[in-house]
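**Q** Contents of work_35.tsv (TSV, C-alpha atoms) are given next:
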```tsv
chain	number	residue	atom	x	y	z
A	207	MET	CA	60.45	99.40	60.02
A	208	ALA	CA	58.27	99.64	57.00
A	209	SER	CA	55.51	97.70	58.53
A	210	THR	CA	52.23	98.24	56.87
A	211	SER	CA	50.50	95.04	57.79
A	212	PHE	CA	51.28	91.99	59.79
A	213	SER	CA	50.17	88.50	59.21
A	214	ILE	CA	49.92	86.41	62.27
A	215	MET	CA	49.68	82.76	61.73
A	216	GLY	CA	49.54	80.02	64.22
A	217	TRP	CA	48.36	76.55	64.59
A	218	VAL	CA	46.81	74.94	67.51
A	219	GLY	CA	47.73	71.60	68.83
A	220	GLY	CA	44.87	71.05	71.16
A	221	LYS	CA	42.18	71.44	68.59
A	222	ARG	CA	42.58	68.16	66.88
A	223	GLY	CA	41.83	64.91	68.53
A	224	LEU	CA	44.94	63.82	70.24
A	225	GLY	CA	44.21	60.18	69.72
A	226	GLY	CA	44.60	60.47	66.02
A	227	ARG	CA	47.94	62.16	66.23
A	228	LYS	CA	50.67	60.82	64.09
A	229	ILE	CA	53.76	61.14	66.16
A	230	ASN	CA	56.14	60.65	63.32
A	231	SER	CA	54.53	62.96	60.86
A	232	ILE	CA	57.31	65.04	59.49
A	233	ARG	CA	55.44	67.76	57.73
A	234	ALA	CA	53.47	68.79	60.72
A	235	GLN	CA	53.07	72.22	59.26
A	236	GLU	CA	50.85	71.15	56.44
A	237	THR	CA	48.51	69.12	58.55
A	238	GLU	CA	48.03	71.43	61.42
A	239	ILE	CA	47.79	74.86	59.95
A	240	GLN	CA	44.67	76.65	60.81
A	241	PRO	CA	43.20	79.14	58.45
A	242	SER	CA	43.00	81.68	61.23
A	243	GLN	CA	45.13	84.31	59.67
A	244	ILE	CA	44.81	87.79	60.96
A	245	ASN	CA	45.83	90.78	58.98
A	246	LEU	CA	46.10	93.84	61.09
A	247	GLN	CA	46.50	97.34	59.88
A	248	PRO	CA	48.05	99.73	62.32
A	249	GLU	CA	46.69	103.19	61.89
A	250	GLN	CA	49.48	105.41	63.09
A	251	GLU	CA	51.75	104.68	60.20
A	252	GLU	CA	52.04	108.23	59.01
A	253	LYS	CA	53.12	109.59	62.36
A	254	GLN	CA	56.44	107.88	62.31
A	255	THR	CA	58.81	110.27	60.67
A	256	LYS	CA	62.14	108.79	61.66
A	257	VAL	CA	61.27	105.35	60.39
A	258	LYS	CA	64.22	103.97	58.54
A	259	SER	CA	62.16	102.53	55.77
A	260	LYS	CA	63.73	99.47	54.29
A	261	PRO	CA	62.32	99.21	50.82
A	262	PRO	CA	61.28	95.71	49.96
A	263	PRO	CA	63.25	94.33	47.06
A	264	VAL	CA	60.55	94.54	44.47
A	265	THR	CA	62.83	93.86	41.56
A	266	GLN	CA	63.25	90.25	42.54
A	267	PRO	CA	60.62	87.75	41.52
A	268	PRO	CA	58.75	86.17	44.38
A	269	GLN	CA	60.57	83.17	45.70
A	270	LEU	CA	58.90	79.81	45.74
A	271	ASN	CA	59.63	78.03	49.00
A	272	ALA	CA	62.81	79.87	49.69
A	273	LYS	CA	65.56	77.77	51.16
A	274	SER	CA	68.82	78.90	52.57
A	275	LYS	CA	71.37	78.81	49.82
A	276	ASN	CA	73.88	81.22	51.32
A	277	MET	CA	72.55	83.99	49.22
A	278	GLY	CA	71.62	87.48	50.16
A	279	VAL	CA	68.35	88.56	51.60
A	280	GLU	CA	67.11	90.00	48.38
A	281	TYR	CA	67.45	86.64	46.69
A	282	GLY	CA	65.46	84.87	49.32
A	283	GLY	CA	68.44	82.98	50.62
A	284	GLN	CA	67.97	84.00	54.20
A	285	TRP	CA	65.52	85.99	56.18
A	286	LEU	CA	65.42	88.01	59.29
A	287	SER	CA	64.06	85.83	62.02
A	288	SER	CA	63.93	85.15	65.71
A	289	VAL	CA	63.55	81.50	66.42
A	290	THR	CA	63.11	80.08	69.87
A	291	ARG	CA	61.27	76.97	70.84
A	292	HIS	CA	57.76	78.33	71.09
A	293	VAL	CA	57.99	81.47	69.04
A	294	ARG	CA	59.21	81.82	65.51
A	295	ILE	CA	59.04	85.25	64.00
A	296	TYR	CA	59.97	85.80	60.39
A	297	ALA	CA	60.14	89.07	58.58
A	298	ALA	CA	58.42	87.47	55.65
A	299	TYR	CA	55.02	86.39	54.54
A	300	ILE	CA	54.32	82.70	54.89
A	301	ASP	CA	51.45	81.39	52.92
A	302	PRO	CA	49.25	79.45	55.33
A	303	VAL	CA	48.29	76.87	52.75
A	304	THR	CA	51.43	76.18	50.80
A	305	ASN	CA	53.96	77.28	53.46
A	306	ALA	CA	55.79	79.26	50.84
A	307	PHE	CA	58.08	81.89	52.20
A	308	ASP	CA	57.63	85.13	50.42
A	309	GLN	CA	60.73	86.99	51.34
A	310	THR	CA	59.88	89.93	49.15
A	311	GLN	CA	57.15	91.01	51.55
A	312	MET	CA	59.51	92.09	54.26
A	313	ASP	CA	57.00	94.54	55.62
A	314	LYS	CA	55.13	91.67	57.20
A	315	LEU	CA	55.98	89.78	60.32
A	316	THR	CA	54.78	86.24	60.65
A	317	LEU	CA	54.50	84.52	63.99
A	318	ILE	CA	54.48	80.77	64.22
A	319	LEU	CA	53.37	79.81	67.67
A	320	ASP	CA	54.64	76.68	69.35
A	321	PRO	CA	55.44	74.53	66.35
A	322	THR	CA	56.41	71.57	68.51
A	323	ASN	CA	53.06	71.60	70.32
A	324	GLU	CA	54.52	71.68	73.76
A	325	PHE	CA	51.42	73.34	75.15
A	326	VAL	CA	47.72	72.82	74.77
A	327	TRP	CA	46.39	75.89	73.05
A	328	THR	CA	42.88	77.08	72.83
A	329	SER	CA	41.77	79.85	70.57
A	330	GLU	CA	41.46	82.23	73.51
A	331	THR	CA	45.01	81.73	74.67
A	332	CYS	CA	46.24	81.93	71.08
A	333	ASN	CA	44.45	85.23	70.69
A	334	MET	CA	46.01	86.47	73.90
A	335	VAL	CA	49.44	85.76	72.52
A	336	TYR	CA	48.54	87.32	69.17
A	337	ALA	CA	47.23	90.42	70.89
A	338	TYR	CA	50.42	90.65	72.90
A	339	PHE	CA	52.42	90.25	69.71
A	340	GLN	CA	50.49	93.06	68.10
A	341	GLU	CA	51.05	95.20	71.18
A	342	LEU	CA	54.78	94.53	71.07
A	343	VAL	CA	54.99	95.28	67.37
A	344	ASP	CA	53.24	98.57	67.98
A	345	HIS	CA	55.60	99.27	70.82
A	346	TYR	CA	58.70	98.63	68.74
A	347	GLU	CA	57.44	100.60	65.81
A	348	GLY	CA	60.11	102.89	64.49
A	349	ALA	CA	62.89	100.63	65.68
A	350	PRO	CA	65.14	99.30	62.95
A	351	LEU	CA	64.10	95.97	61.52
A	352	THR	CA	67.00	93.87	62.68
A	353	GLU	CA	67.43	90.51	64.29
A	354	TYR	CA	68.03	92.23	67.59
A	355	THR	CA	64.60	93.85	67.56
A	356	LEU	CA	62.94	90.63	66.46
A	357	ARG	CA	64.68	88.79	69.24
A	358	LEU	CA	63.52	91.33	71.78
A	359	ILE	CA	59.95	90.80	70.59
A	360	GLY	CA	60.30	87.02	70.53
A	361	SER	CA	61.82	86.94	73.99
A	362	ASP	CA	59.01	89.05	75.38
A	363	ILE	CA	56.48	86.67	73.88
A	364	GLU	CA	58.31	83.74	75.39
A	365	HIS	CA	58.23	85.38	78.79
A	366	TYR	CA	54.55	86.04	78.27
A	367	ILE	CA	53.95	82.39	77.46
A	368	ARG	CA	55.81	81.46	80.59
A	369	LYS	CA	53.60	83.77	82.56
A	370	LEU	CA	50.53	82.21	80.99
A	371	LEU	CA	51.81	78.81	81.98
A	372	TYR	CA	52.45	79.87	85.55
A	373	ASP	CA	49.04	81.47	85.75
A	374	GLY	CA	47.47	78.25	84.68
A	375	GLU	CA	46.09	79.59	81.40
A	376	ILE	CA	47.86	77.01	79.31
A	377	LYS	CA	49.04	73.57	80.13
A	378	TYR	CA	51.68	71.22	78.93
A	379	ASN	CA	50.64	68.92	76.17
A	380	MET	CA	51.32	65.52	77.63
A	381	ASN	CA	51.22	63.97	74.18
A	382	ALA	CA	53.94	66.16	72.84
A	383	ARG	CA	56.72	64.50	70.97
A	384	VAL	CA	59.40	65.88	73.28
A	385	LEU	CA	58.33	66.09	76.88
A	386	ASN	CA	61.07	67.90	78.67
A	387	PHE	CA	59.06	70.68	80.34
A	388	SER	CA	61.19	73.46	78.97
A	389	MET	CA	59.44	76.09	81.07
A	390	GLY	CA	59.64	74.31	84.38
A	391	LYS	CA	58.16	71.14	85.75
A	392	PRO	CA	54.39	71.09	86.08
A	393	ARG	CA	53.11	72.00	89.49
A	394	VAL	CA	49.90	72.91	91.17
A	395	LYS	CA	48.98	76.59	90.91
A	396	PHE	CA	52.32	78.26	90.76
A	397	ASN	CA	50.98	81.80	90.78
A	398	ASN	CA	48.26	81.49	93.32
A	399	ASN	CA	47.41	84.95	94.49
A	400	LYS	CA	44.61	83.96	96.78
A	401	GLU	CA	45.21	83.17	100.38
A	402	VAL	CA	45.44	79.55	101.21
A	403	GLN	CA	42.58	78.61	103.45
A	404	ASP	CA	43.58	77.21	106.78
A	405	LEU	CA	42.31	73.79	107.48
A	406	GLN	CA	40.04	73.76	110.44
B	266	MET	CA	112.47	103.40	88.47
B	267	GLN	CA	112.80	103.72	84.76
B	268	GLY	CA	112.98	100.94	82.26
B	269	ARG	CA	115.20	100.75	79.23
B	270	LEU	CA	112.61	101.71	76.66
B	271	SER	CA	111.40	104.57	78.81
B	272	ALA	CA	114.91	105.95	79.00
B	273	TRP	CA	115.26	105.57	75.26
B	274	LEU	CA	111.99	107.42	74.69
B	275	VAL	CA	113.07	110.17	77.07
B	276	LYS	CA	116.31	110.52	75.18
B	277	HIS	CA	114.35	111.09	71.97
B	278	ARG	CA	111.88	113.39	73.74
B	279	LEU	CA	108.83	111.21	73.18
B	280	VAL	CA	105.95	111.80	75.54
B	281	HIS	CA	104.93	108.86	77.64
B	282	ARG	CA	104.35	107.86	81.21
B	283	SER	CA	105.86	104.89	82.92
B	284	LEU	CA	103.43	102.63	84.73
B	285	GLY	CA	106.04	100.47	86.37
B	286	PHE	CA	106.67	96.81	85.79
B	287	ASP	CA	104.38	93.83	85.81
B	288	TYR	CA	105.02	90.63	87.74
B	289	GLN	CA	107.40	89.35	85.10
B	290	GLY	CA	109.41	92.53	85.14
B	291	ILE	CA	108.07	93.71	81.80
B	292	GLU	CA	108.00	97.44	81.40
B	293	THR	CA	104.59	99.06	81.13
B	294	LEU	CA	104.10	102.43	79.50
B	295	GLN	CA	101.13	104.68	79.03
B	296	ILE	CA	100.88	106.63	75.83
B	297	LYS	CA	98.34	109.23	74.85
B	298	PRO	CA	95.92	108.27	72.08
B	299	GLU	CA	96.99	111.15	69.86
B	300	ASP	CA	100.65	110.16	70.13
B	301	TRP	CA	100.07	106.47	69.74
B	302	HIS	CA	100.34	106.18	65.98
B	303	SER	CA	103.67	107.94	65.68
B	304	ILE	CA	105.13	106.16	68.67
B	305	ALA	CA	103.95	102.82	67.30
B	306	VAL	CA	105.81	103.51	64.07
B	307	ILE	CA	108.87	104.50	66.07
B	308	LEU	CA	108.66	101.33	68.14
B	309	TYR	CA	108.41	99.23	64.99
B	310	VAL	CA	111.47	100.95	63.59
B	311	TYR	CA	113.17	100.46	66.96
B	312	GLY	CA	112.73	96.73	66.46
B	313	TYR	CA	109.48	95.63	68.05
B	314	ASN	CA	108.42	93.55	65.09
B	315	TYR	CA	105.94	91.28	66.83
B	316	LEU	CA	102.60	92.24	68.38
B	317	ARG	CA	102.12	89.40	70.80
B	318	SER	CA	98.71	90.37	72.01
B	319	GLN	CA	96.23	93.18	71.86
B	320	CYS	CA	93.40	93.40	74.31
B	321	ALA	CA	91.17	95.98	75.90
B	322	TYR	CA	89.36	96.46	79.15
B	323	ASP	CA	87.10	98.84	80.95
B	324	VAL	CA	89.04	100.53	83.69
B	325	ALA	CA	86.26	101.59	86.01
B	326	PRO	CA	82.52	102.31	85.84
B	327	GLY	CA	82.26	105.64	84.11
B	328	GLY	CA	86.01	105.76	83.66
B	329	LEU	CA	88.36	105.24	80.78
B	330	LEU	CA	88.68	102.41	78.31
B	331	ALA	CA	92.10	100.90	77.88
B	332	SER	CA	93.67	99.24	74.89
B	333	VAL	CA	96.72	97.16	75.72
B	334	TYR	CA	99.49	96.09	73.36
B	335	HIS	CA	102.19	93.58	74.19
B	336	LEU	CA	105.17	94.01	71.90
B	337	THR	CA	108.16	91.75	71.49
B	338	ARG	CA	111.42	92.22	69.67
B	339	ILE	CA	112.16	89.00	67.83
B	340	GLN	CA	115.77	88.52	66.77
B	341	TYR	CA	117.94	85.59	65.84
B	342	GLY	CA	120.03	84.08	68.57
B	343	VAL	CA	118.21	85.75	71.43
B	344	ASP	CA	116.44	83.69	74.06
B	345	GLN	CA	115.32	86.59	76.26
B	346	PRO	CA	113.73	88.99	73.78
B	347	GLU	CA	112.87	92.51	74.78
B	348	GLU	CA	109.25	92.98	75.63
B	349	VAL	CA	107.12	95.94	76.46
B	350	CYS	CA	103.51	96.54	77.36
B	351	ILE	CA	101.78	99.65	76.06
B	352	LYS	CA	98.51	100.93	77.44
B	353	VAL	CA	96.47	103.54	75.63
B	354	PHE	CA	93.54	105.05	77.49
B	355	ALA	CA	90.60	106.57	75.70
B	356	PRO	CA	87.59	108.44	77.07
B	357	ARG	CA	84.38	106.46	77.28
B	358	GLU	CA	82.24	108.96	75.39
B	359	ASN	CA	84.28	109.04	72.22
B	360	PRO	CA	86.88	106.28	72.33
B	361	ILE	CA	88.98	106.62	69.20
B	362	ILE	CA	92.43	105.06	69.00
B	363	THR	CA	94.49	104.77	65.87
B	364	SER	CA	94.66	101.25	64.59
B	365	VAL	CA	98.02	99.54	64.44
B	366	PHE	CA	96.84	97.17	61.72
B	367	TRP	CA	99.08	98.82	59.14
B	368	ILE	CA	102.10	98.29	61.36
B	369	TRP	CA	101.40	94.88	62.87
B	370	LYS	CA	98.93	92.98	60.72
B	371	SER	CA	98.04	90.60	63.54
B	372	ALA	CA	96.09	93.39	65.20
B	373	ASP	CA	93.27	92.83	62.72
B	374	PHE	CA	90.93	90.44	64.51
B	375	GLN	CA	92.02	91.48	67.98
B	376	GLU	CA	91.12	95.08	67.39
B	377	ARG	CA	87.84	93.95	65.94
B	378	GLU	CA	87.17	92.02	69.10
B	379	SER	CA	88.03	95.02	71.22
B	380	TYR	CA	85.66	97.07	69.12
B	381	ASP	CA	82.96	94.45	69.48
B	382	MET	CA	83.25	94.03	73.22
B	383	LEU	CA	84.07	97.55	74.37
B	384	GLY	CA	83.21	99.85	71.51
B	385	ILE	CA	86.65	101.35	70.98
B	386	TYR	CA	86.76	102.75	67.47
B	387	TYR	CA	90.07	101.93	65.87
B	388	ASP	CA	90.74	104.64	63.39
B	389	ASN	CA	92.02	103.53	60.03
B	390	HIS	CA	91.18	99.89	60.59
B	391	PRO	CA	90.28	98.28	57.25
B	392	ARG	CA	87.14	96.38	58.27
B	393	LEU	CA	86.05	97.38	61.71
B	394	LYS	CA	82.87	95.50	62.46
B	395	ARG	CA	81.61	93.13	65.06
B	396	ILE	CA	83.33	89.78	65.16
B	397	LEU	CA	81.73	87.85	68.01
B	398	MET	CA	78.29	89.32	68.45
B	399	PRO	CA	75.68	89.53	65.68
B	400	GLU	CA	76.09	92.61	63.58
B	401	SER	CA	72.76	94.01	64.64
B	402	TRP	CA	73.66	93.83	68.31
B	403	ILE	CA	73.21	96.95	70.37
B	404	GLY	CA	75.59	97.86	73.13
B	405	TRP	CA	79.10	96.91	74.15
B	406	PRO	CA	78.94	93.76	76.27
B	407	LEU	CA	82.16	94.04	78.23
B	408	ARG	CA	81.66	97.59	79.43
B	409	LYS	CA	80.91	97.77	83.08
B	410	ASP	CA	77.71	99.70	82.56
B	411	TYR	CA	76.32	97.22	80.07
B	412	ILE	CA	72.92	95.73	80.87
B	413	ALA	CA	72.19	92.46	79.16
B	414	PRO	CA	68.85	92.26	77.36
B	415	ASN	CA	66.25	89.95	78.76
B	416	PHE	CA	66.47	87.38	76.00
B	417	TYR	CA	64.66	84.13	76.44
B	418	GLU	CA	66.69	81.01	76.76
B	419	ILE	CA	65.79	77.48	77.62
B	420	GLN	CA	66.03	77.53	81.37
B	421	ASP	CA	64.32	74.62	82.95
B	422	ALA	CA	64.47	71.77	80.47
B	423	HIS	CA	64.56	68.40	82.09
```
If you took the structure in this file and wrote it as structure tokens, what would it be?
**A**
Amino acid sequence: MASTSFSIMGWVGGKRGLGGRKINSIRAQETEIQPSQINLQPEQEEKQTKVKSKPPPVTQPPQLNAKSKNMGVEYGGQWLSSVTRHVRIYAAYIDPVTNAFDQTQMDKLTLILDPTNEFVWTSETCNMVYAYFQELVDHYEGAPLTEYTLRLIGSDIEHYIRKLLYDGEIKYNMNARVLNFSMGKPRVKFNNNKEVQDLQ
Amino acid sequence: MQGRLSAWLVKHRLVHRSLGFDYQGIETLQIKPEDWHSIAVILYVYGYNYLRSQCAYDVAPGGLLASVYHLTRIQYGVDQPEEVCIKVFAPRENPIITSVFWIWKSADFQERESYDMLGIYYDNHPRLKRILMPESWIGWPLRKDYIAPNFYEIQDAH
């Protein structure tokens, strides 16, 4: 994996006032993107000797808002991705302002966290997920950049989000557009490690 | 008890092993992987012009992988055609079996599925790649020692 830097991008549903939410807004991406974009440079790049470096197709011009047109990867027609409900990982650079996919920068991974706003996110919990993402990317360094690897990373992040939910770190967003509790029905203190006090 | 095809193969000194008969009375033979290509050609010349099914399975944990071929001899005016079942066993570490695609063309997708699910490499197959799983998948899902990855799926949606 020729990963030299990673851009992590997310947007937070709980930051804005929920009263002013437009439920039917279609382009939710443009309204809710936060400029909190983190570019991380892993240091141990040179140690990986068996990295199957996939050279980014530099001969192609950068694609403006690439859409799937049944073309090859090098033409921006499709991209390596792992898409589940709360985690979308693309092996591409997504401009946080214009949402343009830049498929030519395949050395970057972009994480879009919870695009349907099922949970209430604060910046601390977002940073926990981002840190875990960075940890996973470091862990899978040297693995081939395939959909399988991306799906392993995305699944681990989903399990981590589930753990956060069960630990009470994040909560369901009751104003979400779809309220089907995809990680289990809400309950009181699922992972309560402390002893329950006996009532006297 | 020896079936008709087994007797014919013995008469022509072709190495095989009889595995008995299945519940429909169809003869079952085991053939070594290195003999399989030549015997398949001989069976086609004998008259088995129809590969009814090709499948594969994992015999036992840590054991052999089997590739099974059901052959039928289609002729005019025959309502009980001759059938035979061939099993070819390959070692788990390096399972290579000669493809019968160039003899019976219908083996194409079925051998690809056997490759996809069990990792049997069919030698001389024109386009041997995964057919059901994504091409970047790792592992052979129908082997008995396969461990499924812990992929996230929607589990509790209400």
**Q** List every residue of chain A that has an atom at most 9 Å from any atom of chain B, giving for each one its closest atom pair and the distance in Å to one decimal, counting all atoms listed in the file, sorted by chain and then by ascending residue number, as a Markdown table.
**A**
```
| residue | atom | partner | partner_atom | distance |
| --- | --- | --- | --- | --- |
| A:Thr290 | CA | B:Glu418 | CA | 7.8 |
| A:Arg291 | CA | B:Ile419 | CA | 8.2 |
| A:Thr352 | CA | B:Ser401 | CA | 6.1 |
| A:Glu353 | CA | B:Ser401 | CA | 6.4 |
| A:Tyr354 | CA | B:Ser401 | CA | 5.9 |
| A:Thr355 | CA | B:Ser401 | CA | 8.7 |
| A:Arg357 | CA | B:Phe416 | CA | 7.1 |
| A:Leu358 | CA | B:Phe416 | CA | 6.5 |
| A:Gly360 | CA | B:Tyr417 | CA | 7.9 |
| A:Ser361 | CA | B:Tyr417 | CA | 4.7 |
| A:Asp362 | CA | B:Tyr417 | CA | 7.6 |
| A:Ile363 | CA | B:Tyr417 | CA | 8.9 |
| A:Glu364 | CA | B:Tyr417 | CA | 6.4 |
| A:His365 | CA | B:Tyr417 | CA | 7.0 |
| A:Leu385 | CA | B:His423 | CA | 8.4 |
| A:Asn386 | CA | B:His423 | CA | 4.9 |
| A:Phe387 | CA | B:Ala422 | CA | 5.5 |
| A:Ser388 | CA | B:Ala422 | CA | 4.0 |
| A:Met389 | CA | B:Asp421 | CA | 5.4 |
| A:Gly390 | CA | B:Asp421 | CA | 4.9 |
| A:Lys391 | CA | B:Asp421 | CA | 7.6 |
```
**Q** Between B:Arg357, B:Lys297, B:Arg392, B:His281, which one has atoms that come closest to Ala325 of chain B, using all atoms listed in the file?
**A**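 Of the candidates, the smallest distance to Ala325 of chain B is held by B:Arg357.
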**Q** May I have the residues within 7 Å of Ala355 of chain B as JSON, numbers by chain, using all atoms listed in the file and disregarding those fewer than 6 positions away in the same chain?
**A** {"B": [298, 329, 330, 331, 361]}
**Q** Find the distance between atom CA of Val293 of chain A and atom CA of Asp381 of chain B and write it in Å to one decimal.
**A**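 Between atom CA of Val293 of chain A and atom CA of Asp381 of chain B the gap is 28.1 Å.
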**Q** For atom CA of Val384 of chain A and atom CA of Trp327 of chain A, quote the distance in Å rounded to one decimal.
**A** 16.4 Å
**Q** Have a look at B:Leu407, B:Val310, B:Leu284, B:Val275 and name the one nearest to Cys350 of chain B; count all atoms listed in the file.
**A**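 Checking each of B:Leu407, B:Val310, B:Leu284, B:Val275 against Cys350 of chain B, counting all atoms listed in the file, the winner is B:Leu284.
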**Q** Given only C-alpha atoms as the basis, pick out the residue of B:Leu274, B:Val349, B:Val324, B:Met382 nearest to Asp287 of chain B.
**A** B:Val349
**Q** What separation in Å, quoted to one decimal, exists between atom CA of Tyr387 of chain B and atom CA of Leu294 of chain B?
**A** 19.6 Å
**Q** Quick one: of B:Tyr386, B:Phe374, B:Trp301, B:Tyr313, who's nearest to Glu347 of chain B, counting all atoms listed in the file?
**A**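 Looking only at the distances to Glu347 of chain B, the closest residue turns out to be B:Tyr313.
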**Q** Determine the nearest neighbour of Glu375 of chain A from the options A:Ile300, A:Val343, A:Ala306, A:Val326, counting all atoms listed in the file.
**A**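 Among the listed residues, A:Val326 lies closest to Glu375 of chain A.
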**Q** Under the rule that all atoms listed in the file are counted, which of B:Ile291, B:Asn314, B:Thr363, B:Leu397 is the nearest residue to Gln345 of chain B?
**A** B:Ile291
